[in-house]
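Here is the structure we will look at, set down as structure tokens.
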Amino acid sequence: MTPDKLSQAIRSVLTEAVESGELTAAVPGEVRVERPRNRQHGDWSTNVALQLAKAAGVPPRDLAQLVAKRLAEVPGITSVDVAGPGFLNIVVDAAAAGELARTIVESGGRYGDNDALSGHVVNLEFVSANPTGPLHIGHTRWAALGDALGRVLSAAGADVTREFYVNDAGAQMDRFGASVLARMHGDDVPEDGYHGEYVVELAQKVRAELEARGEDADLAGLEEVRDLAYQAQLDELQQVLADFGVLFDVWFSERTLHDSGAVTQAVERLREQGHVYDSEGAVWLRTTEFGDDRDRVLVRSDGSTTYFAADAAYYLSKKDRGFDEKVYMLGADHHGYVGRLKAIAACAGDDPERSIEVLIGQLVTISGARLSKRAGNIVELRDVVAWLGRDAVRYSLARYPADSPITLDPDLLTKRSNDNPVFYVQYAHARTCNVTRLALEDGVRTDEGFDPSLLTDETESVLLATLGEFPGVVATAAELREPHRVARYLESLAAAYHKWYDTCRVRPMDADEPVTDLHRTRLRLNEATRVVLARGLDLLGVSAPERM
RNA sequence: GCCCCCGUAGCUCAGGGGAUAGAGCGUCGCCCUCCGGAGGCGAAAGCGCAGGUUCGAAUCCUGCCGGGGGCACCA
């Protein structure tokens, strides 16, 4: 008896009641079934009676009584109580609950996948760091959270494309090139240039590359140096992200938008939509029409196009490539950008609320983190990963909602105890593996003797109910774009598992104790927990070690 | 001035209108003849303030207070 089966059962009970004339109400398309906070309130509960009461013109408790009476007849349900203002508290049979262990093990790791977002075509843009320097801790947060979100969206059935927008056009590229060129000649970088020591490294790489080509490095011009340095820096970004376990489907170059004429075409397309006007020698987009606080320039009075124009072209590219939903993950310092972005969508004739979603990430600080002189006094991704470990960094950053500012405690993240959430969850997984290994050595087999009615311990019903929540957690995480829900869920699952482990033995105590169906059935439950812990960690891009 | 985010236990943070607001750390106490104590059990301790909507508000709305960030023909 899983929450979705219960939900269906409640719906059919409601439908029967309506058909028999006992009830006059519209049966909701989906009935939410929740785990009550208090175990005294049963395995599952629903407030459907409270919600329908008004429309049905029946007191909530009466309606609840009516549903409870019919629901109690459903096979697999032990009892249904009406509580408080009209909650339905449901207790399910051990056997019906325990079947889930079999289902999960037989699903082969697909348990949790669902169709909450099937049919959704999503473009997920994240990180999108300038290719003029290394990745910092803010980018690291996006990399961890964005990648986890991508995995969660896929698990919920969405068709996801992960995209990195490379800002390889514009004045900052020339400042970048000039900085590298200066370093090649042993000069100081210009005041408005890039000062980190990585620029010196890039200068060396460019020099080596030029010499390998048989060219005189000292004669190389700004453009050539800029483009070689850009390529080297982009390679590094791709490598660092790949090492972090974050892969993109598309690396989208801003420059190609300019070179292909897409930017100019975008201005014309928006003009055709009637939202473009000329003033003071510049070309403007009337974004104020759609809530922006001022209109924005597309083409400057000197004829050059703005970054904003490229953004409009980029938006249209996403639209043309068939993405209905475009998710942008931006730093808090870019929030002012949201209105403009939505205005572009509106000017293009789309519904901005539907087609654009912007997730704003608040600041991350790591207590005691050293600034990277190499990277220009930032906290650099690769330093943090080398320091704290990939799993700890990924998990810690994915465990908080994007809009929550976070402070990470390095001492905690490197501890090997339940102080440290990532170890707590990984350890639970390792423990499941250990239990299985030892049980198999003891001759406990899972291909026979599975009898879920034996899973009667309180800790077993809690563990089973927690396992039952997983698909709903994944669906919710995808719908709300909140992958941290998966992490929080895993922590509660690990806790339920440890409590069960403490109370219920999977293996015989010693060689004299015979192996029984209870051992075999519990081993199946142990396996089911292992599968869900592993899948959950995988959704976060964190490894699930078999031993620690 | 305008806009966005945040304010929950001593600390770091969860809580998509529901029942007695949770977790870890820290403090105090308990459990090792027991599959890994890298674990478990328990105690004390909290929704910034004031209104409103609702049968019901930490959650939604308004105002105030406090903290962070943003308001270019930069990228």
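Ligands are numbered from 1 in the order shown, residues from 1 within each chain, and chains are lettered A, B, ... in the order they appear in the structure tokens.
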
Could you go through segment 23-237 of chain A and tell me which residues DSSP, when run on the backbone, assigns to alpha helix (DSSP H), listing them as a VMD selection string? chain A and resid 48 to 56 60 to 71 94 to 106 137 to 155 171 to 184 198 to 212 222 to 237

Pick out the residues sitting within 12 Å of C49 of chain B, and hand them over as a compact mmCIF listing (two decimals) with N, CA and C atoms (P, O5', C5', C4', C3', O3' and C1' of nucleotides), in the first residue's frame; count only C-alpha atoms (C1' of nucleotides), and ignore anything fewer than 2 positions along from it in its own chain.
```
# COMPACT_ATOMS: atom_id res chain seq x y z
P G B 7 13.67 33.05 6.25
O5' G B 7 14.12 33.89 7.52
C5' G B 7 15.38 33.63 8.13
C4' G B 7 15.63 34.61 9.26
C3' G B 7 14.66 34.49 10.43
O3' G B 7 15.35 34.62 11.67
C1' G B 7 14.63 36.70 9.57
P G B 51 -1.90 42.63 16.96
O5' G B 51 -2.66 43.51 15.87
C5' G B 51 -3.63 42.90 15.07
C4' G B 51 -3.82 43.71 13.80
C3' G B 51 -4.63 42.97 12.76
O3' G B 51 -6.02 43.13 12.98
C1' G B 51 -2.63 43.71 11.77
P G B 63 3.00 47.11 2.05
O5' G B 63 3.12 47.65 3.54
C5' G B 63 2.43 48.83 3.94
C4' G B 63 2.57 49.03 5.43
C3' G B 63 4.00 49.04 5.96
O3' G B 63 4.65 50.29 5.79
C1' G B 63 2.67 47.66 7.33
P C B 64 6.25 50.33 5.64
O5' C B 64 6.73 50.01 7.11
C5' C B 64 6.46 50.90 8.18
C4' C B 64 6.84 50.29 9.51
C3' C B 64 8.30 49.89 9.65
O3' C B 64 9.14 50.99 9.99
C1' C B 64 6.93 48.14 10.44
P C B 65 10.67 50.95 9.49
O5' C B 65 11.33 49.89 10.48
C5' C B 65 11.36 50.13 11.88
C4' C B 65 11.95 48.94 12.60
C3' C B 65 13.28 48.44 12.05
O3' C B 65 14.39 49.21 12.51
C1' C B 65 11.86 46.60 12.37
P G B 66 15.68 49.35 11.53
O5' G B 66 16.31 47.89 11.52
C5' G B 66 16.97 47.40 12.67
C4' G B 66 17.37 45.96 12.46
C3' G B 66 18.27 45.68 11.25
O3' G B 66 19.63 46.02 11.47
C1' G B 66 16.54 44.08 11.32
```

Would you mind listing what lies within 12 Å of A9 of chain B as an MDAnalysis selection string, with only C-alpha atoms (C1' of nucleotides) counted and same-chain residues fewer than 5 positions away left out? chainID B and resid 21:23 25:26 44:47

Env of segment 42-44 of chain A: 7 Å cut, atoms = only C-alpha atoms (C1' of nucleotides), seq-sep filter 5 positions within chain, self excluded. Answer as number ranges by chain. A: 33-36, 89-92, 465

From the options B:G48, B:G15, B:G39, B:G1, which residue's atoms come nearest to chain A, counting only C-alpha atoms (C1' of nucleotides)? B:G39

Give as a PDB file with C-alpha atoms (C1' of nucleotides), in the first residue's frame every residue of chain B that touches chain A within 9 Å, counting only C-alpha atoms (C1' of nucleotides).
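Output file result-v7.pdb follows:
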```pdb
ATOM      1  C1'   C B   2      12.562  51.678  -6.177  1.00  0.00           C
ATOM      2  C1'   C B   3      13.174  46.224  -6.695  1.00  0.00           C
ATOM      3  C1'   C B   4      14.649  41.059  -5.045  1.00  0.00           C
ATOM      4  C1'   C B   5      16.018  37.551  -1.078  1.00  0.00           C
ATOM      5  C1'   C B   6      16.296  36.394   4.088  1.00  0.00           C
ATOM      6  C1'   U B  12      23.871  25.794  11.069  1.00  0.00           C
ATOM      7  C1'   C B  13      19.424  24.994   8.726  1.00  0.00           C
ATOM      8  C1'   A B  14      14.448  22.035   7.189  1.00  0.00           C
ATOM      9  C1'   G B  16       4.778  23.636  -0.961  1.00  0.00           C
ATOM     10  C1'   G B  18      -3.426  21.324   8.635  1.00  0.00           C
ATOM     11  C1'   A B  19      -3.145  17.945  14.171  1.00  0.00           C
ATOM     12  C1'   U B  20       1.756  18.496  19.762  1.00  0.00           C
ATOM     13  C1'   A B  23      17.062  17.617  12.116  1.00  0.00           C
ATOM     14  C1'   G B  24      22.218  17.919  13.249  1.00  0.00           C
ATOM     15  C1'   C B  25      25.665  20.447  16.383  1.00  0.00           C
ATOM     16  C1'   C B  34      23.902  -6.647  20.033  1.00  0.00           C
ATOM     17  C1'   C B  35      24.600  -7.699  11.714  1.00  0.00           C
ATOM     18  C1'   G B  36      30.193  -1.599  11.900  1.00  0.00           C
ATOM     19  C1'   A B  38      30.787   5.982  11.845  1.00  0.00           C
ATOM     20  C1'   G B  39      24.717   3.954  15.556  1.00  0.00           C
ATOM     21  C1'   G B  40      20.315   4.402  18.882  1.00  0.00           C
ATOM     22  C1'   C B  55     -12.710  26.267  10.083  1.00  0.00           C
ATOM     23  C1'   G B  68      22.085  40.785   2.576  1.00  0.00           C
ATOM     24  C1'   G B  69      21.967  41.995  -2.661  1.00  0.00           C
ATOM     25  C1'   G B  70      20.570  44.872  -7.044  1.00  0.00           C
ATOM     26  C1'   C B  71      19.031  49.270  -9.783  1.00  0.00           C
ATOM     27  C1'   C B  73      23.738  53.022 -24.552  1.00  0.00           C
ATOM     28  C1'   C B  74      28.987  47.485 -18.572  1.00  0.00           C
ATOM     29  C1'   A B  75      29.375  42.455 -19.539  1.00  0.00           C
TER      30        A B  75
END
```

Within 12 Å of Ala208 of chain A, counting only C-alpha atoms (C1' of nucleotides), which residues show up once you throw out same-chain ones fewer than 4 positions away? Write them as a PyMOL selection string, please. chain A and resi 184+201-204+212-218+225+228-229+232

So that I have them on file, write out the residues from the current selection with N, CA and C atoms, as a short mmCIF file (atom, residue, chain, number, x, y, z; two decimals), in the first residue's frame.
```
data_model
loop_
_atom_site.label_atom_id
_atom_site.label_comp_id
_atom_site.auth_asym_id
_atom_site.auth_seq_id
_atom_site.Cartn_x
_atom_site.Cartn_y
_atom_site.Cartn_z
N MET A 184 52.15 38.16 -21.26
CA MET A 184 53.09 37.51 -22.18
C MET A 184 54.34 38.37 -22.37
N GLU A 201 49.51 32.06 -16.01
CA GLU A 201 49.51 30.69 -16.52
C GLU A 201 48.97 30.64 -17.95
N LEU A 202 47.91 31.40 -18.17
CA LEU A 202 47.33 31.43 -19.52
C LEU A 202 48.34 32.01 -20.51
N ALA A 203 49.06 33.04 -20.10
CA ALA A 203 50.06 33.65 -20.97
C ALA A 203 51.11 32.62 -21.36
N GLN A 204 51.49 31.78 -20.39
CA GLN A 204 52.48 30.74 -20.68
C GLN A 204 51.91 29.71 -21.66
N ALA A 212 54.58 26.19 -30.51
CA ALA A 212 54.35 24.87 -31.09
C ALA A 212 53.91 24.98 -32.54
N ARG A 213 53.27 26.11 -32.86
CA ARG A 213 52.83 26.31 -34.24
C ARG A 213 53.92 26.93 -35.10
N GLY A 214 55.03 27.18 -34.44
CA GLY A 214 56.13 27.77 -35.18
C GLY A 214 55.99 29.26 -35.40
N GLU A 215 55.15 29.90 -34.59
CA GLU A 215 54.99 31.34 -34.74
C GLU A 215 55.83 32.08 -33.71
N ASP A 216 56.10 33.34 -33.96
CA ASP A 216 56.82 34.17 -33.00
C ASP A 216 55.81 34.74 -32.01
N ALA A 217 55.84 34.23 -30.79
CA ALA A 217 54.84 34.61 -29.79
C ALA A 217 54.86 36.11 -29.50
N ASP A 218 56.01 36.72 -29.62
CA ASP A 218 56.10 38.14 -29.29
C ASP A 218 55.41 39.02 -30.32
N VAL A 225 45.84 36.27 -29.44
CA VAL A 225 46.11 35.92 -28.04
C VAL A 225 44.80 35.71 -27.27
N LEU A 228 43.18 32.37 -28.24
CA LEU A 228 43.90 31.21 -27.71
C LEU A 228 43.70 31.08 -26.21
N ALA A 229 43.74 32.23 -25.54
CA ALA A 229 43.56 32.21 -24.08
C ALA A 229 42.14 31.78 -23.74
N ALA A 232 41.86 28.09 -24.06
CA ALA A 232 42.51 27.41 -22.93
C ALA A 232 41.65 27.50 -21.68
#
```

Can you pull out every residue from segment 88-119 of chain A that DSSP, working from the backbone, puts in strand (DSSP E), and format the result as a PyMOL selection string? chain A and resi 88-92

Write the residues of the selection above to a file with N, CA and C atoms, as a CSV table (one decimal), in the first residue's frame.
```csv
chain,number,residue,atom,x,y,z
A,88,LEU,N,-8.5,12.1,8.0
A,88,LEU,CA,-8.7,10.7,7.9
A,88,LEU,C,-7.3,10.1,8.2
A,89,ASN,N,-7.3,9.3,9.2
A,89,ASN,CA,-6.0,8.6,9.6
A,89,ASN,C,-6.1,7.2,9.3
A,90,ILE,N,-5.1,6.7,8.4
A,90,ILE,CA,-5.2,5.4,7.8
A,90,ILE,C,-4.1,4.5,8.3
A,91,VAL,N,-4.4,3.3,8.7
A,91,VAL,CA,-3.4,2.3,9.1
A,91,VAL,C,-3.5,1.2,8.1
A,92,VAL,N,-2.4,0.8,7.5
A,92,VAL,CA,-2.4,-0.2,6.5
A,92,VAL,C,-1.9,-1.5,7.1
```

Compile the contact shell of Arg354 of chain A as a ChimeraX atom specification: residues with an atom at most 9 Å away, counting only C-alpha atoms (C1' of nucleotides), same-chain residues fewer than 5 positions apart removed. /A:324-326

note - atom CA of Gly177 of chain A and atom CA of His136 of chain A are separated by 20.5 Å

I'd like the contact shell of segment 27-31 of chain B - 10 Å cut-off, only C-alpha atoms (C1' of nucleotides), skipping same-chain residues fewer than 2 positions apart - returned as a list in words. G10, G37, G40, C41, G42, A43 and A44 of chain B
